[in-house]
$ cat entry_21.pdb   # PDB, N, CA and C atoms
ATOM      1  N   MET A   1     211.169  31.873 178.664
ATOM      2  CA  MET A   1     210.964  33.225 179.157
ATOM      3  C   MET A   1     209.726  33.819 178.504
ATOM      4  N   GLU A   2     209.185  34.801 179.173
ATOM      5  CA  GLU A   2     208.028  35.528 178.676
ATOM      6  C   GLU A   2     208.449  36.986 178.510
ATOM      7  N   TYR A   3     207.983  37.626 177.456
ATOM      8  CA  TYR A   3     208.373  39.001 177.166
ATOM      9  C   TYR A   3     207.177  39.919 177.294
ATOM     10  N   GLY A   4     207.429  41.139 177.745
ATOM     11  CA  GLY A   4     206.380  42.136 177.877
ATOM     12  C   GLY A   4     206.909  43.514 177.539
ATOM     13  N   PHE A   5     206.004  44.463 177.538
ATOM     14  CA  PHE A   5     206.343  45.854 177.265
ATOM     15  C   PHE A   5     205.619  46.709 178.291
ATOM     16  N   GLY A   6     206.363  47.582 178.946
ATOM     17  CA  GLY A   6     205.774  48.433 179.967
ATOM     18  C   GLY A   6     206.337  49.842 179.939
ATOM     19  N   ALA A   7     205.675  50.692 180.671
ATOM     20  CA  ALA A   7     206.020  52.110 180.696
ATOM     21  C   ALA A   7     207.106  52.419 181.724
ATOM     22  N   HIS A   8     207.936  53.378 181.378
ATOM     23  CA  HIS A   8     208.833  54.052 182.306
ATOM     24  C   HIS A   8     209.175  55.396 181.674
ATOM     25  N   GLU A   9     209.870  56.228 182.362
ATOM     26  CA  GLU A   9     210.061  57.606 181.891
ATOM     27  C   GLU A   9     211.309  57.833 181.037
ATOM     28  N   TYR A  10     211.977  56.783 180.644
ATOM     29  CA  TYR A  10     213.244  56.937 179.924
ATOM     30  C   TYR A  10     213.118  56.539 178.456
ATOM     31  N   PRO A  11     213.926  57.155 177.571
ATOM     32  CA  PRO A  11     213.888  56.820 176.145
ATOM     33  C   PRO A  11     214.724  55.570 175.823
ATOM     34  N   THR A  12     214.512  54.534 176.608
ATOM     35  CA  THR A  12     215.173  53.244 176.403
ATOM     36  C   THR A  12     214.096  52.169 176.345
ATOM     37  N   SER A  13     214.479  50.998 175.952
ATOM     38  CA  SER A  13     213.505  49.923 175.753
ATOM     39  C   SER A  13     212.645  49.680 176.995
ATOM     40  N   GLY A  14     211.365  49.488 176.736
ATOM     41  CA  GLY A  14     210.425  49.108 177.788
ATOM     42  C   GLY A  14     210.112  47.625 177.737
ATOM     43  N   VAL A  15     210.841  46.900 176.873
ATOM     44  CA  VAL A  15     210.644  45.455 176.741
ATOM     45  C   VAL A  15     211.439  44.762 177.840
ATOM     46  N   PHE A  16     210.820  43.763 178.448
ATOM     47  CA  PHE A  16     211.464  43.038 179.534
ATOM     48  C   PHE A  16     211.126  41.561 179.419
ATOM     49  N   GLU A  17     211.887  40.745 180.134
ATOM     50  CA  GLU A  17     211.601  39.315 180.166
ATOM     51  C   GLU A  17     211.439  38.868 181.604
ATOM     52  N   VAL A  18     210.518  37.931 181.798
ATOM     53  CA  VAL A  18     210.237  37.371 183.117
ATOM     54  C   VAL A  18     209.975  35.876 182.969
ATOM     55  N   GLU A  19     209.944  35.200 184.091
ATOM     56  CA  GLU A  19     209.533  33.796 184.074
ATOM     57  C   GLU A  19     208.072  33.740 183.630
ATOM     58  N   PRO A  20     207.703  32.752 182.815
ATOM     59  CA  PRO A  20     206.311  32.653 182.359
ATOM     60  C   PRO A  20     205.309  32.658 183.517
ATOM     61  N   ARG A  21     204.227  33.370 183.293
ATOM     62  CA  ARG A  21     203.092  33.455 184.229
ATOM     63  C   ARG A  21     203.426  34.174 185.528
ATOM     64  N   SER A  22     204.479  34.980 185.539
ATOM     65  CA  SER A  22     204.867  35.622 186.796
ATOM     66  C   SER A  22     205.216  37.099 186.635
ATOM     67  N   CYS A  23     204.555  37.803 185.728
ATOM     68  CA  CYS A  23     204.839  39.217 185.515
ATOM     69  C   CYS A  23     204.417  40.021 186.745
ATOM     70  N   PRO A  24     205.356  40.745 187.360
ATOM     71  CA  PRO A  24     205.027  41.517 188.568
ATOM     72  C   PRO A  24     203.909  42.529 188.304
ATOM     73  N   GLY A  25     202.981  42.604 189.240
ATOM     74  CA  GLY A  25     201.896  43.564 189.143
ATOM     75  C   GLY A  25     200.690  43.065 188.372
ATOM     76  N   PHE A  26     200.750  41.849 187.855
ATOM     77  CA  PHE A  26     199.645  41.298 187.083
ATOM     78  C   PHE A  26     199.243  39.936 187.627
ATOM     79  N   ILE A  27     198.000  39.598 187.453
ATOM     80  CA  ILE A  27     197.496  38.297 187.871
ATOM     81  C   ILE A  27     197.344  37.435 186.619
ATOM     82  N   PHE A  28     198.066  36.323 186.582
ATOM     83  CA  PHE A  28     197.956  35.423 185.450
ATOM     84  C   PHE A  28     196.565  34.807 185.432
ATOM     85  N   ARG A  29     195.938  34.824 184.247
ATOM     86  CA  ARG A  29     194.597  34.259 184.121
ATOM     87  C   ARG A  29     194.570  33.010 183.246
ATOM     88  N   ARG A  30     195.226  33.064 182.074
ATOM     89  CA  ARG A  30     195.226  31.895 181.197
ATOM     90  C   ARG A  30     196.269  32.046 180.101
ATOM     91  N   SER A  31     196.686  30.919 179.568
ATOM     92  CA  SER A  31     197.595  30.899 178.424
ATOM     93  C   SER A  31     196.770  30.828 177.153
ATOM     94  N   VAL A  32     197.272  31.459 176.102
ATOM     95  CA  VAL A  32     196.619  31.433 174.796
ATOM     96  C   VAL A  32     197.673  30.996 173.785
ATOM     97  N   LEU A  33     197.443  29.855 173.136
ATOM     98  CA  LEU A  33     198.387  29.383 172.128
ATOM     99  C   LEU A  33     198.333  30.314 170.926
ATOM    100  N   LEU A  34     199.486  30.883 170.582
ATOM    101  CA  LEU A  34     199.544  31.861 169.498
ATOM    102  C   LEU A  34     200.279  31.347 168.272
ATOM    103  N   GLY A  35     200.910  30.221 168.377
ATOM    104  CA  GLY A  35     201.640  29.666 167.252
ATOM    105  C   GLY A  35     203.051  29.298 167.650
ATOM    106  N   SER A  36     203.866  29.037 166.641
ATOM    107  CA  SER A  36     205.257  28.660 166.904
ATOM    108  C   SER A  36     206.149  29.245 165.814
ATOM    109  N   THR A  37     207.445  29.177 166.055
ATOM    110  CA  THR A  37     208.427  29.661 165.090
ATOM    111  C   THR A  37     209.568  28.656 165.017
ATOM    112  N   ASN A  38     210.260  28.670 163.912
ATOM    113  CA  ASN A  38     211.403  27.774 163.738
ATOM    114  C   ASN A  38     212.731  28.488 163.990
ATOM    115  N   MET A  39     212.686  29.686 164.560
ATOM    116  CA  MET A  39     213.920  30.426 164.841
ATOM    117  C   MET A  39     214.748  29.711 165.894
ATOM    118  N   SER A  40     216.046  29.818 165.735
ATOM    119  CA  SER A  40     216.937  29.320 166.785
ATOM    120  C   SER A  40     216.873  30.294 167.966
ATOM    121  N   HIS A  41     217.436  29.871 169.086
ATOM    122  CA  HIS A  41     217.456  30.735 170.271
ATOM    123  C   HIS A  41     218.191  32.041 169.968
ATOM    124  N   SER A  42     219.313  31.958 169.290
ATOM    125  CA  SER A  42     220.084  33.178 168.996
ATOM    126  C   SER A  42     219.350  34.072 167.993
ATOM    127  N   GLU A  43     218.673  33.478 167.013
ATOM    128  CA  GLU A  43     217.882  34.274 166.071
ATOM    129  C   GLU A  43     216.740  34.982 166.794
ATOM    130  N   PHE A  44     216.109  34.270 167.719
ATOM    131  CA  PHE A  44     215.007  34.864 168.469
ATOM    132  C   PHE A  44     215.496  36.015 169.343
ATOM    133  N   ARG A  45     216.621  35.828 170.031
ATOM    134  CA  ARG A  45     217.190  36.902 170.864
ATOM    135  C   ARG A  45     217.498  38.131 170.014
ATOM    136  N   SER A  46     218.060  37.927 168.846
ATOM    137  CA  SER A  46     218.369  39.031 167.939
ATOM    138  C   SER A  46     217.083  39.725 167.482
ATOM    139  N   PHE A  47     216.088  38.936 167.156
ATOM    140  CA  PHE A  47     214.783  39.473 166.765
ATOM    141  C   PHE A  47     214.206  40.353 167.874
ATOM    142  N   MET A  48     214.221  39.866 169.115
ATOM    143  CA  MET A  48     213.659  40.630 170.241
ATOM    144  C   MET A  48     214.465  41.896 170.500
ATOM    145  N   GLU A  49     215.767  41.830 170.404
ATOM    146  CA  GLU A  49     216.604  43.021 170.602
ATOM    147  C   GLU A  49     216.290  44.080 169.546
ATOM    148  N   HIS A  50     216.134  43.659 168.314
ATOM    149  CA  HIS A  50     215.816  44.589 167.232
ATOM    150  C   HIS A  50     214.431  45.200 167.444
ATOM    151  N   LEU A  51     213.441  44.369 167.738
ATOM    152  CA  LEU A  51     212.078  44.860 167.927
ATOM    153  C   LEU A  51     211.965  45.767 169.157
ATOM    154  N   SER A  52     212.694  45.457 170.200
ATOM    155  CA  SER A  52     212.593  46.243 171.433
ATOM    156  C   SER A  52     213.032  47.695 171.236
ATOM    157  N   ALA A  53     213.821  47.958 170.197
ATOM    158  CA  ALA A  53     214.240  49.331 169.910
ATOM    159  C   ALA A  53     213.054  50.211 169.523
ATOM    160  N   LYS A  54     211.972  49.610 169.049
ATOM    161  CA  LYS A  54     210.759  50.355 168.681
ATOM    162  C   LYS A  54     209.843  50.613 169.872
ATOM    163  N   TYR A  55     210.100  49.945 170.984
ATOM    164  CA  TYR A  55     209.194  50.005 172.129
ATOM    165  C   TYR A  55     209.899  50.575 173.358
ATOM    166  N   HIS A  56     210.128  51.874 173.326
ATOM    167  CA  HIS A  56     210.731  52.555 174.468
ATOM    168  C   HIS A  56     209.684  52.767 175.553
ATOM    169  N   GLY A  57     210.139  52.692 176.782
ATOM    170  CA  GLY A  57     209.220  52.851 177.905
ATOM    171  C   GLY A  57     208.494  54.181 177.924
ATOM    172  N   ASP A  58     209.139  55.236 177.436
ATOM    173  CA  ASP A  58     208.502  56.557 177.444
ATOM    174  C   ASP A  58     207.536  56.753 176.277
ATOM    175  N   THR A  59     207.362  55.723 175.422
ATOM    176  CA  THR A  59     206.381  55.800 174.340
ATOM    177  C   THR A  59     205.139  54.971 174.625
ATOM    178  N   TYR A  60     205.140  54.289 175.769
ATOM    179  CA  TYR A  60     203.975  53.466 176.145
ATOM    180  C   TYR A  60     202.734  54.357 176.254
ATOM    181  N   HIS A  61     201.633  53.874 175.706
ATOM    182  CA  HIS A  61     200.360  54.586 175.789
ATOM    183  C   HIS A  61     199.271  53.535 175.977
ATOM    184  N   LEU A  62     198.451  53.704 176.980
ATOM    185  CA  LEU A  62     197.449  52.708 177.333
ATOM    186  C   LEU A  62     196.517  52.360 176.177
ATOM    187  N   ILE A  63     196.210  53.325 175.321
ATOM    188  CA  ILE A  63     195.288  53.085 174.207
ATOM    189  C   ILE A  63     196.024  52.798 172.897
ATOM    190  N   ALA A  64     197.072  53.552 172.597
ATOM    191  CA  ALA A  64     197.697  53.494 171.273
ATOM    192  C   ALA A  64     198.925  52.585 171.155
ATOM    193  N   LYS A  65     199.629  52.327 172.261
ATOM    194  CA  LYS A  65     200.857  51.520 172.195
ATOM    195  C   LYS A  65     201.099  50.840 173.530
ATOM    196  N   ASN A  66     200.347  49.783 173.774
ATOM    197  CA  ASN A  66     200.443  49.091 175.056
ATOM    198  C   ASN A  66     201.081  47.704 174.900
ATOM    199  N   CYS A  67     201.089  46.940 175.965
ATOM    200  CA  CYS A  67     201.723  45.621 175.935
ATOM    201  C   CYS A  67     201.069  44.690 174.923
ATOM    202  N   ASN A  68     199.782  44.851 174.688
ATOM    203  CA  ASN A  68     199.098  44.005 173.716
ATOM    204  C   ASN A  68     199.466  44.375 172.278
ATOM    205  N   HIS A  69     199.730  45.648 172.024
ATOM    206  CA  HIS A  69     200.219  46.046 170.700
ATOM    207  C   HIS A  69     201.584  45.406 170.442
ATOM    208  N   PHE A  70     202.420  45.399 171.468
ATOM    209  CA  PHE A  70     203.736  44.760 171.365
ATOM    210  C   PHE A  70     203.570  43.270 171.055
ATOM    211  N   THR A  71     202.730  42.592 171.812
ATOM    212  CA  THR A  71     202.515  41.163 171.616
ATOM    213  C   THR A  71     201.952  40.871 170.229
ATOM    214  N   ASP A  72     201.055  41.726 169.754
ATOM    215  CA  ASP A  72     200.479  41.537 168.429
ATOM    216  C   ASP A  72     201.560  41.637 167.355
ATOM    217  N   GLU A  73     202.452  42.608 167.483
ATOM    218  CA  GLU A  73     203.523  42.735 166.491
ATOM    219  C   GLU A  73     204.452  41.533 166.534
ATOM    220  N   VAL A  74     204.793  41.081 167.728
ATOM    221  CA  VAL A  74     205.643  39.893 167.855
ATOM    222  C   VAL A  74     204.979  38.700 167.169
ATOM    223  N   CYS A  75     203.711  38.480 167.452
ATOM    224  CA  CYS A  75     203.004  37.332 166.868
ATOM    225  C   CYS A  75     202.921  37.415 165.354
ATOM    226  N   LYS A  76     202.599  38.588 164.839
ATOM    227  CA  LYS A  76     202.509  38.746 163.384
ATOM    228  C   LYS A  76     203.844  38.454 162.705
ATOM    229  N   ARG A  77     204.921  38.931 163.317
ATOM    230  CA  ARG A  77     206.242  38.727 162.707
ATOM    231  C   ARG A  77     206.722  37.286 162.826
ATOM    232  N   LEU A  78     206.369  36.615 163.925
ATOM    233  CA  LEU A  78     206.847  35.249 164.134
ATOM    234  C   LEU A  78     205.956  34.189 163.510
ATOM    235  N   THR A  79     204.651  34.418 163.502
ATOM    236  CA  THR A  79     203.722  33.389 163.037
ATOM    237  C   THR A  79     202.893  33.810 161.828
ATOM    238  N   GLY A  80     202.877  35.117 161.528
ATOM    239  CA  GLY A  80     202.044  35.613 160.442
ATOM    240  C   GLY A  80     200.600  35.832 160.846
ATOM    241  N   LYS A  81     200.295  35.589 162.124
ATOM    242  CA  LYS A  81     198.922  35.747 162.618
ATOM    243  C   LYS A  81     198.880  36.732 163.780
ATOM    244  N   PRO A  82     197.803  37.517 163.879
ATOM    245  CA  PRO A  82     197.676  38.463 165.002
ATOM    246  C   PRO A  82     197.206  37.753 166.275
ATOM    247  N   ILE A  83     197.263  38.484 167.383
ATOM    248  CA  ILE A  83     196.690  37.973 168.624
ATOM    249  C   ILE A  83     195.161  37.973 168.474
ATOM    250  N   PRO A  84     194.452  37.168 169.259
ATOM    251  CA  PRO A  84     192.984  37.179 169.188
ATOM    252  C   PRO A  84     192.439  38.578 169.471
ATOM    253  N   GLY A  85     191.390  38.972 168.754
ATOM    254  CA  GLY A  85     190.825  40.314 168.866
ATOM    255  C   GLY A  85     190.364  40.702 170.255
ATOM    256  N   TRP A  86     189.900  39.742 171.038
ATOM    257  CA  TRP A  86     189.377  40.075 172.362
ATOM    258  C   TRP A  86     190.474  40.528 173.327
ATOM    259  N   ILE A  87     191.717  40.227 173.033
ATOM    260  CA  ILE A  87     192.794  40.553 173.974
ATOM    261  C   ILE A  87     192.982  42.055 174.133
ATOM    262  N   ASN A  88     192.918  42.815 173.071
ATOM    263  CA  ASN A  88     193.155  44.264 173.162
ATOM    264  C   ASN A  88     191.872  45.068 172.909
ATOM    265  N   ARG A  89     190.754  44.461 173.158
ATOM    266  CA  ARG A  89     189.462  45.085 172.886
ATOM    267  C   ARG A  89     189.275  46.421 173.598
ATOM    268  N   MET A  90     189.689  46.521 174.836
ATOM    269  CA  MET A  90     189.477  47.777 175.595
ATOM    270  C   MET A  90     190.251  48.939 174.986
ATOM    271  N   ALA A  91     191.432  48.709 174.478
ATOM    272  CA  ALA A  91     192.205  49.781 173.851
ATOM    273  C   ALA A  91     191.498  50.275 172.580
ATOM    274  N   ARG A  92     190.931  49.352 171.821
ATOM    275  CA  ARG A  92     190.226  49.742 170.592
ATOM    276  C   ARG A  92     188.959  50.530 170.926
ATOM    277  N   LEU A  93     188.318  50.226 172.037
ATOM    278  CA  LEU A  93     187.110  50.953 172.424
ATOM    279  C   LEU A  93     187.438  52.338 172.953
ATOM    280  N   GLY A  94     188.661  52.508 173.506
ATOM    281  CA  GLY A  94     189.092  53.777 174.088
ATOM    282  C   GLY A  94     189.349  54.791 173.039
TER     283      GLY A  94
END

$ encode --input "entry_21.pdb" --output "structure tokens"
Amino acid sequence: MEYGFGAHEYPTSGVFEVEPRSCPGFIFRRSVLLGSTNMSHSEFRSFMEHLSAKYHGDTYHLIAKNCNHFTDEVCKRLTGKPIPGWINRMARLG
């Protein structure tokens, strides 16, 4: 599964899961290897449930808290490394 974070008007999680490379409303361009983790499936599910509590749909902000910020936090926590800098470049310029 692939995880994302998106906006909606409710104070509930904006984190969602979809089949890889098939997020509605987006055109898949390329995969970027970000690392790996040794978590079990149940540990990973628990991790995502806990993290998703920080990412409510009504807190989404295109510049300050977008899907790339979510992905960066996931990567840092799972692999110790951030996402490549070019991925969220437009938000930093905004």

$ axis_aligned_box --input "entry_21.pdb" --around "region 40-58 of chain A" --padding-each-side "8 Å" --output "lines of an AutoDock Vina configuration file"
center_x = 213.8
center_y = 43.0
center_z = 171.8
size_x = 28.5
size_y = 43.4
size_z = 28.2

$ atom_distance --input "entry_21.pdb" --atom1 "atom N of Phe28 (chain A)" --atom2 "atom C of Lys76 (chain A)"
24.7 Å

$ select_by_dssp --input "entry_21.pdb" --residues "chain A" --states "alpha helix (DSSP H)" --output "PyMOL selection string"
chain A and resi 41-52+67-79+89-93

$ write_last_selection --input "entry_21.pdb" --atoms "N, CA and C atoms" --output "PDB file, in the coordinates of the input"
ATOM      1  N   HIS A  41     217.436  29.871 169.086  1.00  0.00           N
ATOM      2  CA  HIS A  41     217.456  30.735 170.271  1.00  0.00           C
ATOM      3  C   HIS A  41     218.191  32.041 169.968  1.00  0.00           C
ATOM      4  N   SER A  42     219.313  31.958 169.290  1.00  0.00           N
ATOM      5  CA  SER A  42     220.084  33.178 168.996  1.00  0.00           C
ATOM      6  C   SER A  42     219.350  34.072 167.993  1.00  0.00           C
ATOM      7  N   GLU A  43     218.673  33.478 167.013  1.00  0.00           N
ATOM      8  CA  GLU A  43     217.882  34.274 166.071  1.00  0.00           C
ATOM      9  C   GLU A  43     216.740  34.982 166.794  1.00  0.00           C
ATOM     10  N   PHE A  44     216.109  34.270 167.719  1.00  0.00           N
ATOM     11  CA  PHE A  44     215.007  34.864 168.469  1.00  0.00           C
ATOM     12  C   PHE A  44     215.496  36.015 169.343  1.00  0.00           C
ATOM     13  N   ARG A  45     216.621  35.828 170.031  1.00  0.00           N
ATOM     14  CA  ARG A  45     217.190  36.902 170.864  1.00  0.00           C
ATOM     15  C   ARG A  45     217.498  38.131 170.014  1.00  0.00           C
ATOM     16  N   SER A  46     218.060  37.927 168.846  1.00  0.00           N
ATOM     17  CA  SER A  46     218.369  39.031 167.939  1.00  0.00           C
ATOM     18  C   SER A  46     217.083  39.725 167.482  1.00  0.00           C
ATOM     19  N   PHE A  47     216.088  38.936 167.156  1.00  0.00           N
ATOM     20  CA  PHE A  47     214.783  39.473 166.765  1.00  0.00           C
ATOM     21  C   PHE A  47     214.206  40.353 167.874  1.00  0.00           C
ATOM     22  N   MET A  48     214.221  39.866 169.115  1.00  0.00           N
ATOM     23  CA  MET A  48     213.659  40.630 170.241  1.00  0.00           C
ATOM     24  C   MET A  48     214.465  41.896 170.500  1.00  0.00           C
ATOM     25  N   GLU A  49     215.767  41.830 170.404  1.00  0.00           N
ATOM     26  CA  GLU A  49     216.604  43.021 170.602  1.00  0.00           C
ATOM     27  C   GLU A  49     216.290  44.080 169.546  1.00  0.00           C
ATOM     28  N   HIS A  50     216.134  43.659 168.314  1.00  0.00           N
ATOM     29  CA  HIS A  50     215.816  44.589 167.232  1.00  0.00           C
ATOM     30  C   HIS A  50     214.431  45.200 167.444  1.00  0.00           C
ATOM     31  N   LEU A  51     213.441  44.369 167.738  1.00  0.00           N
ATOM     32  CA  LEU A  51     212.078  44.860 167.927  1.00  0.00           C
ATOM     33  C   LEU A  51     211.965  45.767 169.157  1.00  0.00           C
ATOM     34  N   SER A  52     212.694  45.457 170.200  1.00  0.00           N
ATOM     35  CA  SER A  52     212.593  46.243 171.433  1.00  0.00           C
ATOM     36  C   SER A  52     213.032  47.695 171.236  1.00  0.00           C
ATOM     37  N   CYS A  67     201.089  46.940 175.965  1.00  0.00           N
ATOM     38  CA  CYS A  67     201.723  45.621 175.935  1.00  0.00           C
ATOM     39  C   CYS A  67     201.069  44.690 174.923  1.00  0.00           C
ATOM     40  N   ASN A  68     199.782  44.851 174.688  1.00  0.00           N
ATOM     41  CA  ASN A  68     199.098  44.005 173.716  1.00  0.00           C
ATOM     42  C   ASN A  68     199.466  44.375 172.278  1.00  0.00           C
ATOM     43  N   HIS A  69     199.730  45.648 172.024  1.00  0.00           N
ATOM     44  CA  HIS A  69     200.219  46.046 170.700  1.00  0.00           C
ATOM     45  C   HIS A  69     201.584  45.406 170.442  1.00  0.00           C
ATOM     46  N   PHE A  70     202.420  45.399 171.468  1.00  0.00           N
ATOM     47  CA  PHE A  70     203.736  44.760 171.365  1.00  0.00           C
ATOM     48  C   PHE A  70     203.570  43.270 171.055  1.00  0.00           C
ATOM     49  N   THR A  71     202.730  42.592 171.812  1.00  0.00           N
ATOM     50  CA  THR A  71     202.515  41.163 171.616  1.00  0.00           C
ATOM     51  C   THR A  71     201.952  40.871 170.229  1.00  0.00           C
ATOM     52  N   ASP A  72     201.055  41.726 169.754  1.00  0.00           N
ATOM     53  CA  ASP A  72     200.479  41.537 168.429  1.00  0.00           C
ATOM     54  C   ASP A  72     201.560  41.637 167.355  1.00  0.00           C
ATOM     55  N   GLU A  73     202.452  42.608 167.483  1.00  0.00           N
ATOM     56  CA  GLU A  73     203.523  42.735 166.491  1.00  0.00           C
ATOM     57  C   GLU A  73     204.452  41.533 166.534  1.00  0.00           C
ATOM     58  N   VAL A  74     204.793  41.081 167.728  1.00  0.00           N
ATOM     59  CA  VAL A  74     205.643  39.893 167.855  1.00  0.00           C
ATOM     60  C   VAL A  74     204.979  38.700 167.169  1.00  0.00           C
ATOM     61  N   CYS A  75     203.711  38.480 167.452  1.00  0.00           N
ATOM     62  CA  CYS A  75     203.004  37.332 166.868  1.00  0.00           C
ATOM     63  C   CYS A  75     202.921  37.415 165.354  1.00  0.00           C
ATOM     64  N   LYS A  76     202.599  38.588 164.839  1.00  0.00           N
ATOM     65  CA  LYS A  76     202.509  38.746 163.384  1.00  0.00           C
ATOM     66  C   LYS A  76     203.844  38.454 162.705  1.00  0.00           C
ATOM     67  N   ARG A  77     204.921  38.931 163.317  1.00  0.00           N
ATOM     68  CA  ARG A  77     206.242  38.727 162.707  1.00  0.00           C
ATOM     69  C   ARG A  77     206.722  37.286 162.826  1.00  0.00           C
ATOM     70  N   LEU A  78     206.369  36.615 163.925  1.00  0.00           N
ATOM     71  CA  LEU A  78     206.847  35.249 164.134  1.00  0.00           C
ATOM     72  C   LEU A  78     205.956  34.189 163.510  1.00  0.00           C
ATOM     73  N   THR A  79     204.651  34.418 163.502  1.00  0.00           N
ATOM     74  CA  THR A  79     203.722  33.389 163.037  1.00  0.00           C
ATOM     75  C   THR A  79     202.893  33.810 161.828  1.00  0.00           C
ATOM     76  N   ARG A  89     190.754  44.461 173.158  1.00  0.00           N
ATOM     77  CA  ARG A  89     189.462  45.085 172.886  1.00  0.00           C
ATOM     78  C   ARG A  89     189.275  46.421 173.598  1.00  0.00           C
ATOM     79  N   MET A  90     189.689  46.521 174.836  1.00  0.00           N
ATOM     80  CA  MET A  90     189.477  47.777 175.595  1.00  0.00           C
ATOM     81  C   MET A  90     190.251  48.939 174.986  1.00  0.00           C
ATOM     82  N   ALA A  91     191.432  48.709 174.478  1.00  0.00           N
ATOM     83  CA  ALA A  91     192.205  49.781 173.851  1.00  0.00           C
ATOM     84  C   ALA A  91     191.498  50.275 172.580  1.00  0.00           C
ATOM     85  N   ARG A  92     190.931  49.352 171.821  1.00  0.00           N
ATOM     86  CA  ARG A  92     190.226  49.742 170.592  1.00  0.00           C
ATOM     87  C   ARG A  92     188.959  50.530 170.926  1.00  0.00           C
ATOM     88  N   LEU A  93     188.318  50.226 172.037  1.00  0.00           N
ATOM     89  CA  LEU A  93     187.110  50.953 172.424  1.00  0.00           C
ATOM     90  C   LEU A  93     187.438  52.338 172.953  1.00  0.00           C
TER      91      LEU A  93
END

$ resolve_selection --input "entry_21.pdb" --expression "the PyMOL selection byres ((chain A and resi 49-53) around 7)" --output "list in words"
Thr12, Ser13, Gly14, Val15, Phe44, Arg45, Ser46, Phe47, Met48, Lys54, Tyr55 and His56 of chain A

$ resolve_selection --input "entry_21.pdb" --expression "the PyMOL selection byres ((chain A and resi 79) around 7)" --output "VMD selection string"
chain A and resid 34 to 37 74 to 78 80 to 82

$ write_last_selection --input "entry_21.pdb" --atoms "N, CA and C atoms" --output "PDB file, keeping the file's coordinate frame"
ATOM      1  N   LEU A  34     199.486  30.883 170.582  1.00  0.00           N
ATOM      2  CA  LEU A  34     199.544  31.861 169.498  1.00  0.00           C
ATOM      3  C   LEU A  34     200.279  31.347 168.272  1.00  0.00           C
ATOM      4  N   GLY A  35     200.910  30.221 168.377  1.00  0.00           N
ATOM      5  CA  GLY A  35     201.640  29.666 167.252  1.00  0.00           C
ATOM      6  C   GLY A  35     203.051  29.298 167.650  1.00  0.00           C
ATOM      7  N   SER A  36     203.866  29.037 166.641  1.00  0.00           N
ATOM      8  CA  SER A  36     205.257  28.660 166.904  1.00  0.00           C
ATOM      9  C   SER A  36     206.149  29.245 165.814  1.00  0.00           C
ATOM     10  N   THR A  37     207.445  29.177 166.055  1.00  0.00           N
ATOM     11  CA  THR A  37     208.427  29.661 165.090  1.00  0.00           C
ATOM     12  C   THR A  37     209.568  28.656 165.017  1.00  0.00           C
ATOM     13  N   VAL A  74     204.793  41.081 167.728  1.00  0.00           N
ATOM     14  CA  VAL A  74     205.643  39.893 167.855  1.00  0.00           C
ATOM     15  C   VAL A  74     204.979  38.700 167.169  1.00  0.00           C
ATOM     16  N   CYS A  75     203.711  38.480 167.452  1.00  0.00           N
ATOM     17  CA  CYS A  75     203.004  37.332 166.868  1.00  0.00           C
ATOM     18  C   CYS A  75     202.921  37.415 165.354  1.00  0.00           C
ATOM     19  N   LYS A  76     202.599  38.588 164.839  1.00  0.00           N
ATOM     20  CA  LYS A  76     202.509  38.746 163.384  1.00  0.00           C
ATOM     21  C   LYS A  76     203.844  38.454 162.705  1.00  0.00           C
ATOM     22  N   ARG A  77     204.921  38.931 163.317  1.00  0.00           N
ATOM     23  CA  ARG A  77     206.242  38.727 162.707  1.00  0.00           C
ATOM     24  C   ARG A  77     206.722  37.286 162.826  1.00  0.00           C
ATOM     25  N   LEU A  78     206.369  36.615 163.925  1.00  0.00           N
ATOM     26  CA  LEU A  78     206.847  35.249 164.134  1.00  0.00           C
ATOM     27  C   LEU A  78     205.956  34.189 163.510  1.00  0.00           C
ATOM     28  N   GLY A  80     202.877  35.117 161.528  1.00  0.00           N
ATOM     29  CA  GLY A  80     202.044  35.613 160.442  1.00  0.00           C
ATOM     30  C   GLY A  80     200.600  35.832 160.846  1.00  0.00           C
ATOM     31  N   LYS A  81     200.295  35.589 162.124  1.00  0.00           N
ATOM     32  CA  LYS A  81     198.922  35.747 162.618  1.00  0.00           C
ATOM     33  C   LYS A  81     198.880  36.732 163.780  1.00  0.00           C
ATOM     34  N   PRO A  82     197.803  37.517 163.879  1.00  0.00           N
ATOM     35  CA  PRO A  82     197.676  38.463 165.002  1.00  0.00           C
ATOM     36  C   PRO A  82     197.206  37.753 166.275  1.00  0.00           C
TER      37      PRO A  82
END

$ resolve_selection --input "entry_21.pdb" --expression "the PyMOL selection byres ((chain A and resi 1) around 5)" --output "PyMOL selection string"
chain A and resi 2-3+18+20

$ atom_distance --input "entry_21.pdb" --atom1 "CA of Ile63 (chain A)" --atom2 "atom N of Gly4 (chain A)"
17.4 Å

$ closest_residue --input "entry_21.pdb" --among "A:Glu43, A:Glu9, A:Asp72, A:Glu19" --to "Thr59 (chain A)" --atoms "only N, CA and C atoms"
A:Glu9

$ atom_distance --input "entry_21.pdb" --atom1 "atom N of Val32 (chain A)" --atom2 "CA of Met90 (chain A)"
18.1 Å

$ residues_around --input "entry_21.pdb" --residues "Ala91 (chain A)" --least-positions-apart "5" --cutoff "10 Å" --atoms "only C-alpha atoms" --output "PyMOL selection string"
chain A and resi 61-66+68-69
